[in-house]
>>> print(open('data.cif').read())   # mmCIF, C-alpha atoms and all ligand atoms
data_upload
#
loop_
_atom_site.label_atom_id
_atom_site.label_comp_id
_atom_site.auth_asym_id
_atom_site.auth_seq_id
_atom_site.Cartn_x
_atom_site.Cartn_y
_atom_site.Cartn_z
CA ARG A 1 120.03 129.80 108.08
CA THR A 2 118.57 126.34 108.67
CA GLN A 3 119.62 125.97 112.30
CA GLY A 4 116.79 124.37 114.26
CA ILE A 5 114.66 123.94 111.14
CA PRO A 6 114.23 120.39 109.84
CA GLU A 7 115.88 119.65 106.51
CA VAL A 8 113.20 118.26 104.22
CA CYS A 9 113.69 115.36 101.81
CA VAL A 10 111.30 115.60 98.88
CA VAL A 11 110.67 112.21 97.25
CA THR A 12 108.58 111.95 94.07
CA GLY A 13 106.92 108.72 93.01
CA ALA A 14 106.52 108.06 96.73
CA ALA A 15 103.41 105.90 96.66
CA SER A 16 104.99 102.83 95.09
CA GLY A 17 108.11 100.78 94.50
CA ILE A 18 111.47 102.51 94.73
CA GLY A 19 110.04 105.90 95.75
CA ARG A 20 108.11 104.38 98.59
CA ALA A 21 111.21 102.49 99.76
CA CYS A 22 113.19 105.76 99.65
CA VAL A 23 110.57 107.38 101.89
CA GLU A 24 110.85 104.48 104.32
CA GLN A 25 114.66 104.47 104.34
CA LEU A 26 114.84 108.24 104.92
CA ALA A 27 112.07 108.20 107.54
CA PHE A 28 113.90 105.35 109.30
CA GLU A 29 116.76 107.81 109.85
CA ALA A 30 114.24 110.21 111.43
CA ARG A 31 114.50 112.59 108.51
CA THR A 32 111.57 114.81 107.63
CA VAL A 33 110.14 113.60 104.33
CA LEU A 34 107.67 115.11 101.88
CA ALA A 35 106.25 112.16 99.97
CA VAL A 36 104.95 113.33 96.58
CA ASP A 37 102.77 111.28 94.27
CA VAL A 38 99.74 111.63 92.06
CA VAL A 39 98.05 108.89 94.13
CA PRO A 40 97.95 108.55 97.93
CA MET A 41 100.46 106.27 99.67
CA GLY A 42 97.75 104.72 101.83
CA GLN A 43 95.33 102.09 100.68
CA GLY A 44 95.96 99.35 103.21
CA SER A 45 99.51 100.25 104.13
CA ARG A 46 100.30 102.63 106.97
CA PRO A 47 102.29 105.80 106.22
CA PRO A 48 105.87 105.00 107.23
CA GLY A 49 106.17 107.31 110.23
CA PRO A 50 105.27 110.59 111.87
CA ASN A 51 107.99 112.50 110.00
CA VAL A 52 106.41 111.67 106.65
CA HIS A 53 104.10 114.27 105.15
CA GLU A 54 102.12 113.48 102.02
CA CYS A 55 101.72 115.82 99.08
CA ILE A 56 99.35 114.70 96.34
CA ALA A 57 100.51 116.34 93.12
CA ASP A 58 100.55 115.44 89.46
CA LEU A 59 104.02 116.23 88.15
CA LEU A 60 102.46 116.85 84.74
CA ASP A 61 100.70 119.89 86.17
CA PRO A 62 102.88 122.97 85.48
CA ALA A 63 101.84 124.32 88.90
CA SER A 64 103.20 121.25 90.73
CA PRO A 65 106.81 122.45 91.35
CA GLY A 66 105.48 125.55 93.18
CA VAL A 67 102.98 123.48 95.15
CA ILE A 68 105.63 120.90 96.14
CA VAL A 69 108.28 123.44 97.18
CA ALA A 70 105.67 125.42 99.17
CA ALA A 71 104.61 122.20 100.93
CA ALA A 72 108.26 121.43 101.74
CA LYS A 73 108.84 124.96 103.08
CA ALA A 74 105.78 124.61 105.30
CA ILE A 75 107.51 121.79 107.22
CA GLY A 76 111.16 122.91 107.04
CA CYS A 77 113.97 123.76 104.65
CA PRO A 78 113.93 121.94 101.27
CA SER A 79 117.28 120.20 101.19
CA ILE A 80 117.16 116.82 99.47
CA LEU A 81 115.29 116.03 96.27
CA VAL A 82 114.89 112.44 95.09
CA HIS A 83 113.05 112.11 91.78
CA CYS A 84 111.70 108.56 91.47
CA ALA A 85 108.48 109.15 89.56
CA GLY A 86 108.76 107.53 86.19
CA ILE A 87 106.71 105.80 83.52
CA THR A 88 107.47 103.73 80.48
CA ARG A 89 105.88 103.00 77.13
CA HIS A 90 107.64 99.87 75.93
CA ASN A 91 106.85 99.25 72.28
CA ASP A 92 108.42 98.78 68.87
CA ILE A 93 109.50 102.03 67.25
CA GLU A 94 106.72 101.86 64.62
CA LYS A 95 104.12 101.63 67.39
CA LEU A 96 105.46 104.36 69.70
CA THR A 97 103.20 107.36 69.10
CA ASN A 98 104.09 111.02 69.55
CA SER A 99 101.97 111.06 72.67
CA ASP A 100 103.90 108.04 74.05
CA TRP A 101 107.14 109.99 73.54
CA GLU A 102 105.65 113.09 75.12
CA ASP A 103 104.21 111.24 78.15
CA VAL A 104 107.51 109.54 78.89
CA PHE A 105 109.62 112.67 78.52
CA ARG A 106 107.17 114.82 80.48
CA VAL A 107 107.14 112.55 83.56
CA ASN A 108 110.70 111.20 83.49
CA LEU A 109 112.62 114.34 82.45
CA PHE A 110 110.68 117.59 82.14
CA SER A 111 108.98 117.26 85.53
CA ALA A 112 112.40 116.73 87.14
CA ALA A 113 113.75 119.84 85.41
CA GLY A 114 110.77 121.93 86.54
CA LEU A 115 111.03 120.72 90.10
CA ILE A 116 114.78 121.34 90.21
CA ARG A 117 114.26 124.91 88.92
CA ALA A 118 111.91 125.62 91.85
CA TYR A 119 113.99 123.71 94.39
CA VAL A 120 117.50 125.11 93.77
CA PRO A 121 116.95 128.64 95.14
CA GLU A 122 115.47 127.16 98.33
CA ALA A 123 118.13 124.49 98.84
CA SER A 124 121.25 126.58 98.39
CA GLY A 125 121.41 127.45 102.11
CA ALA A 126 120.72 123.92 103.40
CA ARG A 127 123.38 121.91 105.26
CA ASN A 128 123.93 119.05 102.80
CA PRO A 129 121.70 119.71 99.81
CA SER A 130 121.51 117.19 97.01
CA ILE A 131 119.49 116.03 94.06
CA THR A 132 119.22 112.35 93.20
CA LEU A 133 117.60 111.34 89.94
CA ILE A 134 116.45 107.77 89.36
CA GLY A 135 117.50 106.72 85.87
CA SER A 136 117.73 103.17 84.57
CA VAL A 137 120.18 100.72 83.07
CA HIS A 138 118.33 101.60 79.85
CA ALA A 139 120.34 104.85 79.93
CA LYS A 140 123.43 102.76 79.29
CA ALA A 141 122.47 99.52 77.53
CA SER A 142 119.35 98.13 75.94
CA SER A 143 117.57 94.97 75.00
CA GLY A 144 115.40 96.95 72.55
CA GLY A 145 111.76 97.95 72.50
CA ALA A 146 112.15 100.92 74.80
CA ALA A 147 113.39 103.78 72.64
CA ALA A 148 111.41 106.57 74.34
CA TYR A 149 112.09 105.31 77.85
CA ALA A 150 115.81 104.73 77.18
CA ALA A 151 116.15 108.17 75.58
CA SER A 152 114.48 109.86 78.56
CA LYS A 153 116.76 108.09 81.03
CA GLY A 154 119.86 108.81 78.93
CA ALA A 155 118.86 112.47 78.94
CA LEU A 156 118.39 112.33 82.71
CA ALA A 157 121.96 111.03 83.09
CA ALA A 158 123.29 113.80 80.86
CA MET A 159 121.29 116.37 82.84
CA THR A 160 122.83 115.00 86.04
CA ARG A 161 126.35 115.62 84.77
CA SER A 162 125.57 119.14 83.60
CA LEU A 163 123.79 120.08 86.84
CA ALA A 164 126.57 118.62 88.99
CA VAL A 165 129.01 121.03 87.37
CA GLU A 166 126.61 123.96 87.38
CA LEU A 167 125.44 123.58 90.99
CA GLY A 168 128.70 122.43 92.59
CA GLY A 169 129.65 126.00 93.48
CA ARG A 170 126.40 126.33 95.41
CA GLY A 171 127.17 123.16 97.38
CA ILE A 172 124.38 121.16 95.78
CA ARG A 173 125.42 117.63 94.83
CA VAL A 174 123.64 115.98 91.88
CA ASN A 175 123.82 112.24 91.23
CA SER A 176 121.84 109.67 89.29
CA VAL A 177 121.05 106.09 90.29
CA HIS A 178 120.47 103.52 87.57
CA PRO A 179 118.53 100.47 88.72
CA GLY A 180 118.39 97.18 86.83
CA ALA A 181 115.43 94.83 87.16
CA ILE A 182 113.72 95.73 90.44
CA ASP A 183 110.61 93.91 91.63
CA THR A 184 108.01 96.68 91.79
CA PRO A 185 104.55 97.23 90.24
CA PHE A 186 106.41 98.95 87.36
CA LEU A 187 108.34 95.77 86.52
CA ARG A 188 105.23 93.62 86.94
CA SER A 189 103.29 95.73 84.46
CA SER A 190 106.15 95.34 81.98
CA ALA A 191 106.01 91.56 82.60
CA ARG A 192 102.26 91.65 81.93
CA ILE A 193 102.90 93.28 78.55
CA ALA A 194 105.75 90.91 77.68
CA ARG A 195 103.85 87.75 78.64
CA PRO A 196 100.17 88.47 79.41
CA ASN A 197 99.29 84.84 80.12
CA ASP A 198 102.18 84.03 82.43
CA VAL A 199 103.33 87.08 84.37
CA GLU A 200 104.93 85.03 87.16
CA GLY A 201 106.83 82.95 84.56
CA GLN A 202 108.17 86.12 82.96
CA VAL A 203 109.22 87.54 86.32
CA ARG A 204 110.94 84.25 87.19
CA ASP A 205 112.80 84.20 83.86
CA TRP A 206 114.00 87.77 84.34
CA ALA A 207 115.17 86.90 87.86
CA GLU A 208 117.11 83.86 86.62
CA ALA A 209 118.75 85.96 83.90
CA GLN A 210 120.38 88.25 86.48
CA PRO A 211 123.99 87.51 87.46
CA LEU A 212 122.90 87.40 91.10
CA GLY A 213 120.02 85.09 90.16
CA ARG A 214 117.35 87.35 91.59
CA LEU A 215 115.55 90.60 90.95
CA GLY A 216 116.51 93.62 93.00
CA THR A 217 114.22 94.88 95.72
CA ALA A 218 113.08 98.48 96.04
CA ASP A 219 115.11 98.60 99.26
CA ASP A 220 118.28 97.56 97.38
CA VAL A 221 117.97 100.84 95.48
CA ALA A 222 116.65 102.98 98.33
CA LYS A 223 119.59 102.07 100.59
CA VAL A 224 121.98 103.40 97.93
CA VAL A 225 119.89 106.57 97.69
CA ARG A 226 120.00 106.89 101.49
CA PHE A 227 123.81 106.72 101.33
CA LEU A 228 124.06 109.19 98.42
CA VAL A 229 122.04 111.86 100.22
CA SER A 230 123.95 111.40 103.48
CA SER A 231 127.06 113.29 104.55
CA GLU A 232 128.97 110.01 104.01
CA ALA A 233 128.75 110.78 100.29
CA SER A 234 129.71 114.44 100.60
CA PHE A 235 132.39 114.22 97.85
CA MET A 236 130.09 112.43 95.39
CA THR A 237 128.54 114.54 92.68
CA GLY A 238 127.99 113.93 88.97
CA ALA A 239 128.12 110.20 89.74
CA GLU A 240 126.04 107.63 87.88
CA VAL A 241 125.54 104.81 90.32
CA VAL A 242 124.39 101.51 88.84
CA VAL A 243 122.34 99.20 91.10
CA ASP A 244 121.65 96.29 88.79
CA GLY A 245 122.83 93.02 90.35
CA GLY A 246 125.56 92.83 87.71
CA LEU A 247 123.29 93.12 84.66
CA LEU A 248 125.48 95.65 82.84
CA ALA A 249 128.51 93.47 83.42
CA THR A 250 127.05 90.73 81.20
P1 LIG B 301 106.33 102.35 90.28
O1 LIG B 301 105.43 102.33 89.10
O2 LIG B 301 106.21 101.27 91.29
O3 LIG B 301 106.23 103.77 91.01
C1 LIG B 301 106.26 104.96 90.28
C2 LIG B 301 105.46 106.00 91.02
O4 LIG B 301 105.51 107.23 90.26
C3 LIG B 301 103.97 105.63 91.17
O5 LIG B 301 103.56 105.70 92.53
C4 LIG B 301 103.26 106.66 90.31
O6 LIG B 301 101.97 107.03 90.82
C5 LIG B 301 104.24 107.83 90.35
N1 LIG B 301 104.00 108.74 89.25
C6 LIG B 301 103.93 108.44 87.93
N2 LIG B 301 103.57 109.52 87.22
C7 LIG B 301 103.43 110.54 88.10
C8 LIG B 301 103.05 111.90 87.97
N3 LIG B 301 102.71 112.43 86.79
N4 LIG B 301 103.01 112.67 89.09
C9 LIG B 301 103.31 112.15 90.30
N5 LIG B 301 103.66 110.85 90.48
C10 LIG B 301 103.70 110.06 89.39
O7 LIG B 301 107.80 102.36 89.66
P2 LIG B 301 109.24 101.98 90.29
O8 LIG B 301 109.62 100.65 89.78
O9 LIG B 301 109.28 102.24 91.73
O10 LIG B 301 110.13 103.02 89.49
C11 LIG B 301 110.64 104.20 90.10
C12 LIG B 301 111.68 104.77 89.17
O11 LIG B 301 112.69 103.78 88.96
C13 LIG B 301 111.14 105.14 87.79
O12 LIG B 301 111.74 106.34 87.38
C14 LIG B 301 111.61 103.99 86.91
O13 LIG B 301 111.82 104.41 85.58
C15 LIG B 301 112.91 103.62 87.58
N6 LIG B 301 113.34 102.26 87.31
C16 LIG B 301 112.62 101.18 87.71
C17 LIG B 301 113.11 99.91 87.42
C18 LIG B 301 112.37 98.66 87.84
O14 LIG B 301 112.78 97.57 87.40
N7 LIG B 301 111.34 98.74 88.67
C19 LIG B 301 114.30 99.74 86.72
C20 LIG B 301 115.01 100.86 86.32
C21 LIG B 301 114.52 102.12 86.63
#
>>> encode(input="data.cif", output="structure tokens")
Amino acid sequence: RTQGIPEVCVVTGAASGIGRACVEQLAFEARTVLAVDVVPMGQGSRPPGPNVHECIADLLDPASPGVIVAAAKAIGCPSILVHCAGITRHNDIEKLTNSDWEDVFRVNLFSAAGLIRAYVPEASGARNPSITLIGSVHAKASSGGAAAYAASKGALAAMTRSLAVELGGRGIRVNSVHPGAIDTPFLRSSARIARPNDVEGQVRDWAEAQPLGRLGTADDVAKVVRFLVSSEASFMTGAEVVVDGGLLAT
């Protein structure tokens, strides 16, 4: 049913970091991309190509899944969903408030579930449909101080496994990608909290602590996502792919 209609890749969290790199990697392959974020991609940097369409939406808005799927259908057939949008509230357990827990779960997990619910009926007829959820090494190991974030990412990994089984019969592959320390605004704001007076020193220390001696780049993750959504990965579903420069091996 999709012959002649462009297959659309929906990327959330598209204005920054890993999401933005995913948009660029997919656009580089001349794919049609719907770049979703609560803030515009722009501000100084050019949109990464004519095949990239922006959709400003707050994933916390219950109407956003309908808005996003309608925007994808307006430019083609929704086929690939990459959920990168994510937030953290790093704090000791005594200081994590109920609203911290709610914020983290609403953006990292519930918004993905809502979007998937709207996306699945549209994607079933696409050529190589897939869902890729960006988790974290915190889903698998922890250095502490991130209970809400780690729990949300662990739940995302569990959701990936369940959905892979449930949606396999409809040809929809579902995988999660678990980055380690990736140099993005997200990591830099964590560094600012960890060491407010020496952010660069904190970033340098984290880089030196990695087995590869450096932080990952957003492209390191986005290239793996690009592979996972491609037909090269057509027998991969339910996989949890770690992109962490060896961190979990330590
Ligand atoms: P980032 O902060 O650079 O980008 C996240 C984007 O999500 C931002 O553009 C933000 O506007 C968007 N976003 C947040 N809330 C939203 C909402 N309600 N609606 C729409 N968009 C919203 O972060 P990043 O480092 O690129 O992280 C991307 C993903 O990777 C996140 O899920 C994060 O948990 C995960 N991750 C990052 C790292 C890292 O070290 N950077 C490590 C492991 C996992």
>>> residues_near_point(input="data.cif", point="(104.5, 108.0, 87.9)", cutoff="7 Å", atoms="only C-alpha atoms", output="PyMOL selection string")
chain A and resi 13+85-87+107
>>> closest_residue(input="data.cif", among="A:Lys140, A:Ala123, A:Met159, A:Val199", to="Pro185 of chain A", atoms="all atoms listed in the file")
A:Val199
>>> residues_near_ligand(input="data.cif", ligand="ligand LIG 301 (chain B)", cutoff="7 Å", atoms="only C-alpha atoms and all ligand atoms", output="NGL selection string")
:A and (12-19 or 36-39 or 57-60 or 84-88 or 107-108 or 134-137 or 178-187 or 218)
>>> residues_around(input="data.cif", residues="segment 152-158 of chain A", least_positions_apart="4", cutoff="8 Å", atoms="all atoms listed in the file", output="PyMOL selection string")
chain A and resi 104-105+108-109+133+135-136+138-140+148+162+176+240
>>> atom_distance(input="data.cif", atom1="atom CA of Pro40 of chain A", atom2="atom CA of Arg188 of chain A")
19.9 Å
>>> closest_residue(input="data.cif", among="A:Gly169, A:Gly216, A:Pro129, A:Gly201", to="Val229 of chain A", atoms="only C-alpha atoms")
A:Pro129
>>> residues_near_point(input="data.cif", point="(114.5, 123.1, 86.4)", cutoff="12 Å", atoms="all atoms listed in the file", output="number ranges by chain")
A: 62, 65-66, 109-121, 131, 159-160, 163, 167
>>> atom_distance(input="data.cif", atom1="atom CA of Trp101 of chain A", atom2="atom CA of Ala147 of chain A")
8.9 Å
>>> closest_residue(input="data.cif", among="A:Val82, A:Ala194, A:Val33, A:Cys55", to="Ala222 of chain A", atoms="only C-alpha atoms")
A:Val82
>>> atom_distance(input="data.cif", atom1="atom CA of His83 of chain A", atom2="atom CA of Cys22 of chain A")
10.1 Å
>>> build_atoms(input="data.cif", residues="segment 181-205 of chain A", atoms="N, CA and C atoms", output="PDB file, keeping the file's coordinate frame")
ATOM      1  N   ALA A 181     116.782  95.385  87.037  1.00  0.00           N
ATOM      2  CA  ALA A 181     115.430  94.830  87.160  1.00  0.00           C
ATOM      3  C   ALA A 181     115.041  94.747  88.641  1.00  0.00           C
ATOM      4  N   ILE A 182     114.125  95.619  89.030  1.00  0.00           N
ATOM      5  CA  ILE A 182     113.720  95.730  90.440  1.00  0.00           C
ATOM      6  C   ILE A 182     112.256  95.320  90.550  1.00  0.00           C
ATOM      7  N   ASP A 183     111.964  94.452  91.519  1.00  0.00           N
ATOM      8  CA  ASP A 183     110.610  93.910  91.630  1.00  0.00           C
ATOM      9  C   ASP A 183     109.660  94.930  92.245  1.00  0.00           C
ATOM     10  N   THR A 184     108.974  95.653  91.375  1.00  0.00           N
ATOM     11  CA  THR A 184     108.010  96.680  91.790  1.00  0.00           C
ATOM     12  C   THR A 184     106.787  96.543  90.875  1.00  0.00           C
ATOM     13  N   PRO A 185     105.704  97.257  91.154  1.00  0.00           N
ATOM     14  CA  PRO A 185     104.550  97.230  90.240  1.00  0.00           C
ATOM     15  C   PRO A 185     104.923  97.624  88.807  1.00  0.00           C
ATOM     16  N   PHE A 186     105.925  98.511  88.677  1.00  0.00           N
ATOM     17  CA  PHE A 186     106.410  98.950  87.360  1.00  0.00           C
ATOM     18  C   PHE A 186     106.934  97.753  86.569  1.00  0.00           C
ATOM     19  N   LEU A 187     107.780  96.955  87.208  1.00  0.00           N
ATOM     20  CA  LEU A 187     108.340  95.770  86.520  1.00  0.00           C
ATOM     21  C   LEU A 187     107.241  94.762  86.215  1.00  0.00           C
ATOM     22  N   ARG A 188     106.306  94.611  87.151  1.00  0.00           N
ATOM     23  CA  ARG A 188     105.230  93.620  86.940  1.00  0.00           C
ATOM     24  C   ARG A 188     104.327  94.032  85.793  1.00  0.00           C
ATOM     25  N   SER A 189     104.122  95.355  85.619  1.00  0.00           N
ATOM     26  CA  SER A 189     103.290  95.730  84.460  1.00  0.00           C
ATOM     27  C   SER A 189     104.049  95.519  83.161  1.00  0.00           C
ATOM     28  N   SER A 190     105.370  95.667  83.186  1.00  0.00           N
ATOM     29  CA  SER A 190     106.150  95.340  81.980  1.00  0.00           C
ATOM     30  C   SER A 190     106.075  93.832  81.701  1.00  0.00           C
ATOM     31  N   ALA A 191     106.101  93.025  82.775  1.00  0.00           N
ATOM     32  CA  ALA A 191     106.010  91.560  82.600  1.00  0.00           C
ATOM     33  C   ALA A 191     104.657  91.184  82.007  1.00  0.00           C
ATOM     34  N   ARG A 192     103.606  91.917  82.429  1.00  0.00           N
ATOM     35  CA  ARG A 192     102.260  91.650  81.930  1.00  0.00           C
ATOM     36  C   ARG A 192     102.178  91.928  80.427  1.00  0.00           C
ATOM     37  N   ILE A 193     102.907  92.950  79.984  1.00  0.00           N
ATOM     38  CA  ILE A 193     102.900  93.280  78.550  1.00  0.00           C
ATOM     39  C   ILE A 193     103.727  92.238  77.780  1.00  0.00           C
ATOM     40  N   ALA A 194     104.867  91.853  78.367  1.00  0.00           N
ATOM     41  CA  ALA A 194     105.750  90.910  77.680  1.00  0.00           C
ATOM     42  C   ALA A 194     105.112  89.528  77.570  1.00  0.00           C
ATOM     43  N   ARG A 195     104.427  89.112  78.639  1.00  0.00           N
ATOM     44  CA  ARG A 195     103.850  87.750  78.640  1.00  0.00           C
ATOM     45  C   ARG A 195     102.522  87.763  79.390  1.00  0.00           C
ATOM     46  N   PRO A 196     101.451  88.241  78.719  1.00  0.00           N
ATOM     47  CA  PRO A 196     100.170  88.470  79.410  1.00  0.00           C
ATOM     48  C   PRO A 196      99.616  87.220  80.097  1.00  0.00           C
ATOM     49  N   ASN A 197      99.903  86.051  79.551  1.00  0.00           N
ATOM     50  CA  ASN A 197      99.290  84.840  80.120  1.00  0.00           C
ATOM     51  C   ASN A 197     100.130  84.172  81.193  1.00  0.00           C
ATOM     52  N   ASP A 198     101.323  84.671  81.426  1.00  0.00           N
ATOM     53  CA  ASP A 198     102.180  84.030  82.430  1.00  0.00           C
ATOM     54  C   ASP A 198     103.134  85.069  83.045  1.00  0.00           C
ATOM     55  N   VAL A 199     102.546  85.985  83.791  1.00  0.00           N
ATOM     56  CA  VAL A 199     103.330  87.080  84.370  1.00  0.00           C
ATOM     57  C   VAL A 199     104.384  86.528  85.329  1.00  0.00           C
ATOM     58  N   GLU A 200     103.978  85.577  86.181  1.00  0.00           N
ATOM     59  CA  GLU A 200     104.930  85.030  87.160  1.00  0.00           C
ATOM     60  C   GLU A 200     106.094  84.322  86.443  1.00  0.00           C
ATOM     61  N   GLY A 201     105.784  83.623  85.339  1.00  0.00           N
ATOM     62  CA  GLY A 201     106.830  82.950  84.560  1.00  0.00           C
ATOM     63  C   GLY A 201     107.824  83.960  83.994  1.00  0.00           C
ATOM     64  N   GLN A 202     107.289  85.080  83.492  1.00  0.00           N
ATOM     65  CA  GLN A 202     108.170  86.120  82.960  1.00  0.00           C
ATOM     66  C   GLN A 202     109.061  86.708  84.051  1.00  0.00           C
ATOM     67  N   VAL A 203     108.454  86.972  85.203  1.00  0.00           N
ATOM     68  CA  VAL A 203     109.220  87.540  86.320  1.00  0.00           C
ATOM     69  C   VAL A 203     110.311  86.562  86.742  1.00  0.00           C
ATOM     70  N   ARG A 204     109.965  85.281  86.798  1.00  0.00           N
ATOM     71  CA  ARG A 204     110.940  84.250  87.190  1.00  0.00           C
ATOM     72  C   ARG A 204     112.093  84.191  86.179  1.00  0.00           C
ATOM     73  N   ASP A 205     111.748  84.257  84.890  1.00  0.00           N
ATOM     74  CA  ASP A 205     112.800  84.200  83.860  1.00  0.00           C
ATOM     75  C   ASP A 205     113.732  85.399  83.957  1.00  0.00           C
TER      76      ASP A 205
END
